[in-house]
Amino acid sequence: MKLILLGAPGAGKGTQAEVICEHLQIPAISTGNMIREALKNGTEMGLKAKSYMESGALVPDDVVIGIIKERLAKEDCQKGFILDGFPRTVPQAEALDAMGVEIDKVIDIEVADEKIEQRLSGRRVCEKCGASYHVDFKPSKVSGVCDKCGGATVVRKDDEPATVRDRLKTYHAQTEPLKEYYAKTGKLVIVEGQEEVADTTRLTLAAVEG
Ligand code: ADP
Ligand code: ZN
């Protein structure tokens, strides 16, 4: 199964990607996590991406397309994958098509802008493995410590309110047009994000299996 998760920043794509990953035993691929990892390791790509990411803008298409091409060529992607945060622009979607990748479903998780800010202020991510948590909706078992790897969970720089507003603008201008792009292919399924993570998960899994 080859899946794309669409949705605004903070809609819960990462959380749902982790659930589907365990459920279907296919890798969840987050361009955001990959870029953050590159940044942490001080690679050339990470340095190139830094200023865009921290200001809430998108990293240039050629950079992310390069990352995805390399990642999808790996052995573990051959039986399927979940793309979390890619594509994020129409040219990225076109590049994916040009690679000959046949997507089965595109799941769009919808959350109103008003809720996004509240959600992102409580978001924490593991410094080490990128797993995401929320202080109210999805706390780690021990506060500040990742359930999966024991790493420290921290607030992301781009989750500060001013940057969140810019990310939402970017989302509406550049990513939202992908809904129409995929609606035309008949592969788009809309999931309404719920208050409770478990409820969104139920709807997402139903969308995957339906
Ligand atoms: P969120 O979905 O919460 O915004 P991500 O971790 O997916 O978080 O992305 C964080 C940032 O990484 C984005 O704001 C952007 O700067 C960069 N990024 C991630 N994926 C892409 C992509 N496909 N194209 C361009 N930039 C990206
Ligand atoms: Zn971790």
# chains A, B, ... in the order shown; residues from 1 in each chain; ligands from 1

$ closest_atom_pairs --of "chain A" --to "ligand 1" --cutoff "7 Å" --atoms "only C-alpha atoms and all ligand atoms" --output "Markdown table"
| residue | atom | partner | partner_atom_place_in_ligand_line | distance |
| --- | --- | --- | --- | --- |
| A:Ala8 | CA | ligand 1 | 2 (O) | 6.3 |
| A:Pro9 | CA | ligand 1 | 3 (O) | 3.6 |
| A:Gly10 | CA | ligand 1 | 3 (O) | 4.8 |
| A:Lys13 | CA | ligand 1 | 2 (O) | 6.8 |
| A:Ser30 | CA | ligand 1 | 7 (O) | 6.3 |
| A:Thr31 | CA | ligand 1 | 20 (N) | 4.4 |
| A:Gly32 | CA | ligand 1 | 6 (O) | 3.3 |
| A:Asn33 | CA | ligand 1 | 6 (O) | 5.6 |
| A:Ile35 | CA | ligand 1 | 12 (O) | 6.5 |
| A:Tyr52 | CA | ligand 1 | 16 (O) | 5.5 |
| A:Met53 | CA | ligand 1 | 16 (O) | 3.5 |
| A:Glu54 | CA | ligand 1 | 16 (O) | 6.9 |
| A:Gly56 | CA | ligand 1 | 14 (O) | 4.9 |
| A:Ala57 | CA | ligand 1 | 16 (O) | 5.0 |
| A:Leu58 | CA | ligand 1 | 26 (N) | 3.8 |
| A:Val59 | CA | ligand 1 | 26 (N) | 3.8 |
| A:Pro60 | CA | ligand 1 | 25 (C) | 5.9 |
| A:Asp61 | CA | ligand 1 | 24 (N) | 6.0 |
| A:Val64 | CA | ligand 1 | 24 (N) | 5.6 |
| A:Asp84 | CA | ligand 1 | 7 (O) | 6.7 |
| A:Gly85 | CA | ligand 1 | 7 (O) | 4.5 |
| A:Phe86 | CA | ligand 1 | 23 (N) | 4.0 |
| A:Pro87 | CA | ligand 1 | 23 (N) | 4.9 |
| A:Arg88 | CA | ligand 1 | 23 (N) | 4.6 |
| A:Thr89 | CA | ligand 1 | 24 (N) | 6.9 |
| A:Arg167 | CA | ligand 1 | 14 (O) | 6.0 |

$ closest_atom_pairs --of "chain A" --to "ligand 2" --cutoff "12 Å" --atoms "only C-alpha atoms and all ligand atoms" --output "JSON lines"
{"residue": "A:Asn33", "atom": "CA", "partner": "ligand 2", "partner_atom_place_in_ligand_line": "1 (Zn)", "distance": 11.8}
{"residue": "A:Arg124", "atom": "CA", "partner": "ligand 2", "partner_atom_place_in_ligand_line": "1 (Zn)", "distance": 10.8}
{"residue": "A:Val125", "atom": "CA", "partner": "ligand 2", "partner_atom_place_in_ligand_line": "1 (Zn)", "distance": 7.9}
{"residue": "A:Cys126", "atom": "CA", "partner": "ligand 2", "partner_atom_place_in_ligand_line": "1 (Zn)", "distance": 4.6}
{"residue": "A:Glu127", "atom": "CA", "partner": "ligand 2", "partner_atom_place_in_ligand_line": "1 (Zn)", "distance": 6.7}
{"residue": "A:Lys128", "atom": "CA", "partner": "ligand 2", "partner_atom_place_in_ligand_line": "1 (Zn)", "distance": 5.1}
{"residue": "A:Cys129", "atom": "CA", "partner": "ligand 2", "partner_atom_place_in_ligand_line": "1 (Zn)", "distance": 4.0}
{"residue": "A:Gly130", "atom": "CA", "partner": "ligand 2", "partner_atom_place_in_ligand_line": "1 (Zn)", "distance": 5.9}
{"residue": "A:Ala131", "atom": "CA", "partner": "ligand 2", "partner_atom_place_in_ligand_line": "1 (Zn)", "distance": 5.4}
{"residue": "A:Ser132", "atom": "CA", "partner": "ligand 2", "partner_atom_place_in_ligand_line": "1 (Zn)", "distance": 8.3}
{"residue": "A:Tyr133", "atom": "CA", "partner": "ligand 2", "partner_atom_place_in_ligand_line": "1 (Zn)", "distance": 10.1}
{"residue": "A:Ser140", "atom": "CA", "partner": "ligand 2", "partner_atom_place_in_ligand_line": "1 (Zn)", "distance": 10.2}
{"residue": "A:Gly144", "atom": "CA", "partner": "ligand 2", "partner_atom_place_in_ligand_line": "1 (Zn)", "distance": 10.5}
{"residue": "A:Val145", "atom": "CA", "partner": "ligand 2", "partner_atom_place_in_ligand_line": "1 (Zn)", "distance": 7.8}
{"residue": "A:Cys146", "atom": "CA", "partner": "ligand 2", "partner_atom_place_in_ligand_line": "1 (Zn)", "distance": 4.6}
{"residue": "A:Asp147", "atom": "CA", "partner": "ligand 2", "partner_atom_place_in_ligand_line": "1 (Zn)", "distance": 6.6}
{"residue": "A:Lys148", "atom": "CA", "partner": "ligand 2", "partner_atom_place_in_ligand_line": "1 (Zn)", "distance": 5.0}
{"residue": "A:Cys149", "atom": "CA", "partner": "ligand 2", "partner_atom_place_in_ligand_line": "1 (Zn)", "distance": 4.1}
{"residue": "A:Gly150", "atom": "CA", "partner": "ligand 2", "partner_atom_place_in_ligand_line": "1 (Zn)", "distance": 5.8}
{"residue": "A:Gly151", "atom": "CA", "partner": "ligand 2", "partner_atom_place_in_ligand_line": "1 (Zn)", "distance": 4.9}
{"residue": "A:Ala152", "atom": "CA", "partner": "ligand 2", "partner_atom_place_in_ligand_line": "1 (Zn)", "distance": 7.2}
{"residue": "A:Thr153", "atom": "CA", "partner": "ligand 2", "partner_atom_place_in_ligand_line": "1 (Zn)", "distance": 7.5}
{"residue": "A:Val154", "atom": "CA", "partner": "ligand 2", "partner_atom_place_in_ligand_line": "1 (Zn)", "distance": 10.6}

$ closest_residue --among "A:Val164, A:Val90, A:Ile109, A:Ile26" --to "Gly12 of chain A" --atoms "only C-alpha atoms"
A:Ile109

$ closest_residue --among "A:Lys69, A:Lys138, A:Arg165, A:Arg156" --to "Lys115 of chain A" --atoms "only C-alpha atoms"
A:Arg165

$ select_by_dssp --residues "chain A" --states "strand (DSSP E)" --output "MDAnalysis selection string"
chainID A and resid 2:7 28:30 81:84 105:110 123:126 132:134 153:154 188:192

$ residues_around --residues "His23 of chain A" --least-positions-apart "5" --cutoff "12 Å" --atoms "only C-alpha atoms" --output "list in words"
Met1, Gln16, Ala17, Glu18, Ala28, Phe81, Ile82, Thr201, Arg202, Thr204, Leu205, Ala206, Val208 and Glu209 of chain A

$ closest_residue --among "A:Gln78, A:Phe137, A:Gly46, A:Asp158" --to "Gln194 of chain A" --atoms "only C-alpha atoms"
A:Phe137

$ atom_distance --atom1 "atom CA of Pro91 of chain A" --atom2 "atom CA of Leu39 of chain A"
23.8 Å

$ atom_distance --atom1 "atom CA of Asp62 of chain A" --atom2 "atom CA of Ala98 of chain A"
13.6 Å

$ closest_residue --among "A:Asp113, A:Asp136, A:Glu180, A:Glu44" --to "Leu168 of chain A" --atoms "only C-alpha atoms"
A:Asp113

$ atom_distance --atom1 "atom CA of Arg36 of chain A" --atom2 "atom CA of Ile68 of chain A"
14.4 Å

$ residues_around --residues "Glu117 of chain A" --least-positions-apart "3" --cutoff "7 Å" --atoms "only C-alpha atoms" --output "MDAnalysis selection string"
chainID A and resid 114 120:121 161 164

$ select_by_dssp --residues "segment 2-194 of chain A" --states "alpha helix (DSSP H)" --output "JSON, numbers by chain"
{"A": [13, 14, 15, 16, 17, 18, 19, 20, 21, 22, 23, 24, 31, 32, 33, 34, 35, 36, 37, 38, 39, 40, 44, 45, 46, 47, 48, 49, 50, 51, 52, 53, 54, 55, 61, 62, 63, 64, 65, 66, 67, 68, 69, 70, 71, 72, 90, 91, 92, 93, 94, 95, 96, 97, 98, 113, 114, 115, 116, 117, 118, 119, 120, 121, 161, 162, 163, 164, 165, 166, 167, 168, 169, 170, 177, 178, 179, 180, 181, 182, 183]}

$ write_last_selection --atoms "C-alpha atoms" --output "CSV table (one decimal), in the first residue's frame"
chain,number,residue,atom,x,y,z
A,13,LYS,CA,-0.3,13.5,10.2
A,14,GLY,CA,2.8,12.3,12.1
A,15,THR,CA,0.8,10.6,14.8
A,16,GLN,CA,-1.4,8.8,12.2
A,17,ALA,CA,1.6,7.9,10.1
A,18,GLU,CA,3.1,6.1,13.1
A,19,VAL,CA,-0.2,4.1,13.7
A,20,ILE,CA,-0.5,3.1,10.0
A,21,CYS,CA,3.2,2.2,10.0
A,22,GLU,CA,2.7,-0.3,12.8
A,23,HIS,CA,-0.6,-1.5,11.5
A,24,LEU,CA,0.5,-2.3,7.9
A,31,THR,CA,10.3,14.8,5.1
A,32,GLY,CA,10.1,17.1,8.1
A,33,ASN,CA,11.9,14.5,10.3
A,34,MET,CA,14.5,13.8,7.6
A,35,ILE,CA,15.3,17.5,7.2
A,36,ARG,CA,15.5,18.0,11.0
A,37,GLU,CA,17.8,15.0,11.2
A,38,ALA,CA,20.0,16.5,8.5
A,39,LEU,CA,20.0,19.8,10.4
A,40,LYS,CA,21.0,18.2,13.6
A,44,GLU,CA,25.0,20.5,3.7
A,45,MET,CA,21.3,19.8,2.9
A,46,GLY,CA,20.4,20.6,6.6
A,47,LEU,CA,22.2,23.9,6.4
A,48,LYS,CA,20.4,24.8,3.2
A,49,ALA,CA,17.0,24.0,4.7
A,50,LYS,CA,17.5,25.7,8.1
A,51,SER,CA,16.4,29.2,7.4
A,52,TYR,CA,13.4,28.2,5.4
A,53,MET,CA,12.2,25.7,8.0
A,54,GLU,CA,12.7,28.0,10.9
A,55,SER,CA,10.7,30.9,9.3
A,61,ASP,CA,11.2,21.6,-4.2
A,62,ASP,CA,14.4,20.3,-5.7
A,63,VAL,CA,15.9,19.7,-2.2
A,64,VAL,CA,12.9,17.7,-0.9
A,65,ILE,CA,12.4,15.9,-4.2
A,66,GLY,CA,16.0,14.7,-4.0
A,67,ILE,CA,15.5,13.5,-0.5
A,68,ILE,CA,12.4,11.5,-1.4
A,69,LYS,CA,13.9,10.0,-4.6
A,70,GLU,CA,16.7,8.6,-2.6
A,71,ARG,CA,14.5,7.4,0.2
A,72,LEU,CA,11.9,5.6,-2.0
A,90,VAL,CA,1.9,20.8,-6.9
A,91,PRO,CA,5.4,20.5,-8.4
A,92,GLN,CA,6.4,17.9,-5.8
A,93,ALA,CA,3.2,15.9,-6.6
A,94,GLU,CA,4.1,16.1,-10.3
A,95,ALA,CA,7.7,14.9,-9.5
A,96,LEU,CA,6.3,11.9,-7.6
A,97,ASP,CA,4.1,11.1,-10.6
A,98,ALA,CA,7.1,11.5,-12.9
A,113,ASP,CA,-7.0,26.7,11.7
A,114,GLU,CA,-8.3,27.9,15.1
A,115,LYS,CA,-7.4,24.5,16.6
A,116,ILE,CA,-4.0,24.3,15.1
A,117,GLU,CA,-2.3,26.9,17.2
A,118,GLN,CA,-3.6,25.4,20.4
A,119,ARG,CA,-2.4,22.0,19.3
A,120,LEU,CA,1.0,23.0,18.2
A,121,SER,CA,1.7,24.9,21.4
A,161,PRO,CA,2.8,31.0,17.6
A,162,ALA,CA,4.2,33.6,15.1
A,163,THR,CA,5.9,30.9,13.0
A,164,VAL,CA,2.7,28.7,13.2
A,165,ARG,CA,0.7,31.5,11.6
A,166,ASP,CA,3.2,31.7,8.7
A,167,ARG,CA,3.2,27.9,8.3
A,168,LEU,CA,-0.6,28.0,8.1
A,169,LYS,CA,-0.4,30.7,5.4
A,170,THR,CA,2.1,28.6,3.5
A,177,PRO,CA,-4.2,22.9,-3.9
A,178,LEU,CA,-3.1,19.3,-3.6
A,179,LYS,CA,-6.6,18.4,-2.4
A,180,GLU,CA,-7.9,19.2,-5.8
A,181,TYR,CA,-4.9,17.6,-7.6
A,182,TYR,CA,-5.7,14.3,-5.9
A,183,ALA,CA,-9.5,14.6,-5.9
